[in-house]
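Asks: Mind looking over this structure? Questions follow.
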Amino acid sequence: MSILAAFMVPHPPMIVPAIGAGREADIQETIDAYEQVAEEIASLEPETILITSPHSVMYADYFHISPGKSAKGSFAGFHAPQVKFEEVYDEELAECICQEASLQDFPAGTMGERDAKLDHGTMVPLWFIRKKYSKGKIVRIGLSGLPLTDHYQFGMMIRDAVCALGRRTVFVASGDLSHKLQPYGPYGISPEGPQYDRRIMDVCARGSFGELLDFDEVFCEKAAECGHRSFVIMAGALDGKKIRSKALSHQDVTGVGYGICTFYPEGEDEERHFLKKHLDALREELSARTAGEDPYVALARRSLENYIREGKMIPVPKDLPEEMLKMRAGAFVSIHKHGKLRGCIGTIAPVTKSIAQEIIRNAVSASTQDPRFDPIREDELQWLEIHVDVLGKPEKISSVAELDVKRYGVIVTSGYRRGLLLPDLDGVDTPQQQVSIALQKGGIREDEKYQMERFEVIRHT
């Protein structure tokens with residue numbers, strides 16, 4: 001038995017009358033669509049309701065599946081403690097999902113429970129569903145900070161677990177859309193907000209799930225979206241299926257986007273294996289890019305690949321451009337995988353005899369010693385994008401006004417603490433933001449005294 005149907009739904013607490021106290025009427029269109037979803041779920045009579053929620057336990061590098069036999073929750077945090085829930089978990093399906101993940105050495109499981117109480121991203125959908133359908137256990141799953149491709153892959157594992165058990169399951173992908181749609185909204189407005197809502201509703205109305213993987217991470221962040229990863233997991237759970245999709249509603253009257261769509265699988269469709277298509281296209285693109293890399297990036301790639309495969313640092317090749325062999329400079333090696341940072345380490349000033357040696361050492365460090373990430377594995381090498389920044393000599397500045405985020409990087413120093421941020425980074429739009437991030441990296445409070453330096457780089461990609 002495959003997944004019976006899937007539903008994209010929002011989770012504004014105000015939609016519950018005990019919380020909204022009349023304000024819920026502002027989103028009546030969303031309420032009406034939610035009622036229809038609940039009726040459709042009731043008509044399917046699922047054994048299990050699987051809910052992905054952005055407000056469940058979330059880790060940067062791990063998908064959390066809520067453990068145990070049951071969980072309770074209420075809207076006490078929204079001044080409505082009388083609205084309570086007690087849900088029974090489908091332990092067998094949760095365990096089967098864990099087993100699927102374990103077989104693929106995938107970072108998902110039931111470890112790391114921080115709060116066993118149900119979150120509002122889970123309870124708002126259940127508030128509507130339980131009015132129409134009281135049966136069925138639940139499985140609650142959190143999102144992660146891993147790439148969208150990993151979310152899609154996890155959805156495929158969920159599908160395989162559902163099929164293995166023959167469980168009648170509906171998938172509820174809980175998530176609001178952009179939080180930056182109106183100037184009067186709680187987060188204001190940004191150009192990316194309305195763009196995100198228009199784009200996501202179009203993609204989901206057409207059931208074009210492959211396009212969900214094409215959303216840029218920085219664009220999503222600027223739009224302050226909530227549920228994109230939730231929707232991508234759902235898409236993975238429907239991989240390879242012909243889909244009958246329908247958009248029921250979309251509202252943005254509160255400054256936050258609320259979209260509701262339904263998805264019904266209707267047999268197999270070999271053209272809808274979107275993750276495979278996405279990775280095939282990416283592999284081809286990266287192969288072409290690798291073939292055209294300049295000597296700086298090619299040296300960084302050769303260095304880290306050899307170290308990861310052989311455990312040895314390569315000697316300095318003799319066929320490099322003269323400036324790489326004779327000049328000295330600090331250099332940073334940045335590594336990305338599927339659009340997400342995978343490692344970045346460098347030197348502000350040179351510590352070796354040449355730029356070439358600097359790159360060789362820092363490429364190894366970025367791929368194996370960045371404390372924010374696990375060491376890169378050999379099976380990841382084909383997906384890596386590598387940049388090398390060669391730093392110019394830093395110069396002292398006295399004001400943020402002397403910075404330009406596109407042209408200059410910044411170094412902040414307070415005593416022995418130092419933080420650095422490279423120039424022209426996605427998502428860093430102002431000098432103030434640039435300095436703030438550099439201070440965080442250096443462990444320096446903004447109210448402390450610190451000195452600033454700026455520097456230029458030559459970026460090799």
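Just so we're on the same page: first chain in the structure tokens is A, next is B, and so on; residues restart at 1 for each chain, and ligands are numbered from 1 in the order they show up.
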Please, which residues in segment 202-307 of chain A fall within 12 Å of segment 423-433 of chain A when counting only C-alpha atoms, and what is the closest atom pair and distance in Å to one decimal for each, ordered by chain then residue number, as CSV?
Replies:
residue,atom,partner,partner_atom,distance
A:Asp216,CA,A:Asp426,CA,10.3
A:Glu217,CA,A:Gly427,CA,9.3
A:Val218,CA,A:Gly427,CA,5.8
A:Phe219,CA,A:Gly427,CA,8.3
A:Cys220,CA,A:Gly427,CA,10.3
A:Glu221,CA,A:Gly427,CA,8.1
A:Lys222,CA,A:Gly427,CA,7.6
A:Ala223,CA,A:Gly427,CA,11.3
Asks: Can you write out the residues you just picked, keeping C-alpha atoms, as an mmCIF file, in the first residue's frame?
Replies:
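Contents of the output file part.cif:
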data_model
loop_
_atom_site.group_PDB
_atom_site.id
_atom_site.type_symbol
_atom_site.label_atom_id
_atom_site.label_comp_id
_atom_site.auth_asym_id
_atom_site.auth_seq_id
_atom_site.Cartn_x
_atom_site.Cartn_y
_atom_site.Cartn_z
ATOM 1 C CA ASP A 216 17.730 28.727 -3.993
ATOM 2 C CA GLU A 217 18.508 28.528 -0.268
ATOM 3 C CA VAL A 218 19.308 32.247 -0.027
ATOM 4 C CA PHE A 219 16.089 33.151 -1.835
ATOM 5 C CA CYS A 220 14.095 31.000 0.598
ATOM 6 C CA GLU A 221 15.844 32.598 3.555
ATOM 7 C CA LYS A 222 15.132 36.120 2.324
ATOM 8 C CA ALA A 223 11.490 35.166 1.801
#
Asks: Can you pull out the residues contacting Cys344 of chain A? Cut-off 7 Å, using only C-alpha atoms, and skip same-chain residues under 2 positions away; I want them as a VMD selection string.
Replies: chain A and resid 332 to 335 346 366 370
Asks: Residues of the last selection are to be written out with C-alpha atoms, as an mmCIF file, in the first residue's frame.
Replies:
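Written out: out02.cif:
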data_model
loop_
_atom_site.group_PDB
_atom_site.id
_atom_site.type_symbol
_atom_site.label_atom_id
_atom_site.label_comp_id
_atom_site.auth_asym_id
_atom_site.auth_seq_id
_atom_site.Cartn_x
_atom_site.Cartn_y
_atom_site.Cartn_z
ATOM 1 C CA PHE A 332 40.534 30.473 1.987
ATOM 2 C CA VAL A 333 39.084 27.289 0.521
ATOM 3 C CA SER A 334 35.277 27.120 0.541
ATOM 4 C CA ILE A 335 33.410 23.912 -0.252
ATOM 5 C CA GLY A 346 41.703 29.555 5.458
ATOM 6 C CA ALA A 366 38.329 22.707 4.986
ATOM 7 C CA ASP A 370 35.993 22.409 9.906
#
Asks: Excluding same-chain residues fewer than 5 positions from Phe274 of chain A, what lies within 10 Å of it counting only C-alpha atoms, as a list in words?
Replies: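 Listing them by chain and then by number gives Thr149, Tyr152, Ser208, Phe209, Gly210, Glu211, Leu212, Leu213, Ala235, Gly236, Asp239, Gly240, Leu279 and Asp280 of chain A.
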Asks: Name the closest residue to Gly145 of chain A among the candidates A:Asp61, A:Asp252, A:Asp389, A:Glu395; distances are taken between atoms, counting only C-alpha atoms.
Replies: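 Using only C-alpha atoms, the shortest distance to Gly145 of chain A belongs to A:Asp61.
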Asks: Please list as an MDAnalysis selection string every residue within 9 Å of segment 83-100 of chain A, counting only C-alpha atoms and excluding residues in the same chain fewer than 6 positions away.
Replies: chainID A and resid 18 47:49 65:76 106 108:110 118 123 126:127 136:140 157:162 164:165 167
Asks: Counting only C-alpha atoms, which of A:Asp447, A:Glu358, A:Ala363, A:Val457 gets nearest to Val405 of chain A?
Replies: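 Ranked by minimum distance to Val405 of chain A, first place goes to A:Val457.
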Asks: If I take atom CA of Pro17 of chain A and atom CA of Asp32 of chain A, how far is one from the other in Å, to one decimal?
Replies: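 So the answer is 13.7 Å.
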Asks: Could you jot down the atom CA of Gly292 of chain A to atom CA of Thr347 of chain A separation for me, Å, one decimal place?
Replies: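 Going from atom CA of Gly292 of chain A over to atom CA of Thr347 of chain A covers 25.6 Å.
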Asks: Quick one: residues within 12 Å of Gln357 of chain A, only C-alpha atoms, excluding same-chain residues fewer than 3 positions away - as a PyMOL selection string?
Replies: chain A and resi 296+299-300+303+313-318+320+323-331+346-347+350-354+360-364
Asks: Please produce an output containing N, CA and C atoms for each residue in the selection, written as a compact mmCIF listing (two decimals), in the first residue's frame.
Replies:
# COMPACT_ATOMS: atom_id res chain seq x y z
N TYR A 296 44.05 27.26 -9.52
CA TYR A 296 43.87 27.42 -8.08
C TYR A 296 42.82 26.44 -7.56
N LEU A 299 43.87 22.76 -8.02
CA LEU A 299 44.83 22.31 -7.00
C LEU A 299 44.11 22.00 -5.69
N ALA A 300 43.15 22.84 -5.30
CA ALA A 300 42.40 22.58 -4.07
C ALA A 300 41.63 21.27 -4.18
N SER A 303 44.02 18.32 -4.03
CA SER A 303 44.55 18.14 -2.68
C SER A 303 43.55 17.42 -1.77
N MET A 313 48.87 14.09 2.14
CA MET A 313 48.97 15.43 1.58
C MET A 313 49.81 15.35 0.30
N ILE A 314 49.34 15.98 -0.76
CA ILE A 314 50.09 15.92 -2.02
C ILE A 314 51.28 16.90 -1.96
N PRO A 315 52.37 16.60 -2.69
CA PRO A 315 53.46 17.58 -2.81
C PRO A 315 53.02 18.70 -3.76
N VAL A 316 53.73 19.80 -3.74
CA VAL A 316 53.40 20.91 -4.63
C VAL A 316 53.75 20.51 -6.07
N PRO A 317 52.75 20.51 -6.96
CA PRO A 317 53.06 20.17 -8.36
C PRO A 317 53.99 21.22 -8.97
N LYS A 318 54.78 20.81 -9.93
CA LYS A 318 55.75 21.72 -10.54
C LYS A 318 55.19 22.46 -11.75
N LEU A 320 52.58 24.38 -12.07
CA LEU A 320 51.63 25.44 -11.72
C LEU A 320 52.12 26.79 -12.25
N GLU A 323 53.15 32.46 -10.29
CA GLU A 323 52.73 33.23 -9.11
C GLU A 323 52.28 32.33 -7.96
N MET A 324 51.77 31.13 -8.28
CA MET A 324 51.34 30.21 -7.24
C MET A 324 52.54 29.59 -6.51
N LEU A 325 53.68 29.51 -7.21
CA LEU A 325 54.87 28.89 -6.64
C LEU A 325 55.77 29.88 -5.90
N LYS A 326 55.72 31.16 -6.31
CA LYS A 326 56.67 32.13 -5.75
C LYS A 326 56.03 33.17 -4.84
N MET A 327 54.75 33.43 -5.02
CA MET A 327 54.08 34.45 -4.20
C MET A 327 53.52 33.84 -2.92
N ARG A 328 53.43 34.67 -1.88
CA ARG A 328 52.85 34.25 -0.60
C ARG A 328 51.61 35.10 -0.32
N ALA A 329 50.56 34.45 0.21
CA ALA A 329 49.33 35.17 0.57
C ALA A 329 48.46 34.24 1.40
N GLY A 330 47.59 34.84 2.20
CA GLY A 330 46.57 34.05 2.87
C GLY A 330 45.56 33.56 1.84
N ALA A 331 44.93 32.43 2.12
CA ALA A 331 43.96 31.87 1.17
C ALA A 331 42.88 31.10 1.92
N GLY A 346 40.65 28.85 6.17
CA GLY A 346 41.70 29.56 5.46
C GLY A 346 42.64 30.28 6.40
N THR A 347 43.54 31.01 5.83
CA THR A 347 44.52 31.77 6.59
C THR A 347 44.44 33.23 6.19
N PRO A 350 49.81 34.61 5.15
CA PRO A 350 50.46 33.36 4.74
C PRO A 350 51.22 32.70 5.88
N VAL A 351 51.14 31.37 5.93
CA VAL A 351 51.88 30.61 6.94
C VAL A 351 52.80 29.58 6.26
N THR A 352 52.79 29.56 4.93
CA THR A 352 53.66 28.65 4.18
C THR A 352 54.50 29.46 3.20
N LYS A 353 55.30 28.77 2.39
CA LYS A 353 56.24 29.43 1.50
C LYS A 353 55.63 29.90 0.19
N SER A 354 54.39 29.43 -0.11
CA SER A 354 53.79 29.81 -1.40
C SER A 354 52.27 29.72 -1.33
N ILE A 360 46.94 23.89 -0.72
CA ILE A 360 46.98 22.46 -0.44
C ILE A 360 46.59 22.19 1.01
N ARG A 361 47.17 22.92 1.94
CA ARG A 361 46.89 22.71 3.36
C ARG A 361 45.46 23.10 3.72
N ASN A 362 45.01 24.23 3.22
CA ASN A 362 43.68 24.71 3.59
C ASN A 362 42.56 23.90 2.95
N ALA A 363 42.81 23.34 1.79
CA ALA A 363 41.81 22.46 1.17
C ALA A 363 41.60 21.21 2.02
N VAL A 364 42.69 20.64 2.53
CA VAL A 364 42.58 19.48 3.41
C VAL A 364 41.86 19.86 4.70
Asks: Can you tell me, as a ChimeraX atom specification, what residues are no more than 10 Å from segment 378-384 of chain A when counting only C-alpha atoms, ignoring any on the same chain fewer than 3 positions away?
Replies: /A:279,282-283,286-287,290,301,304-309,334-342,375,387
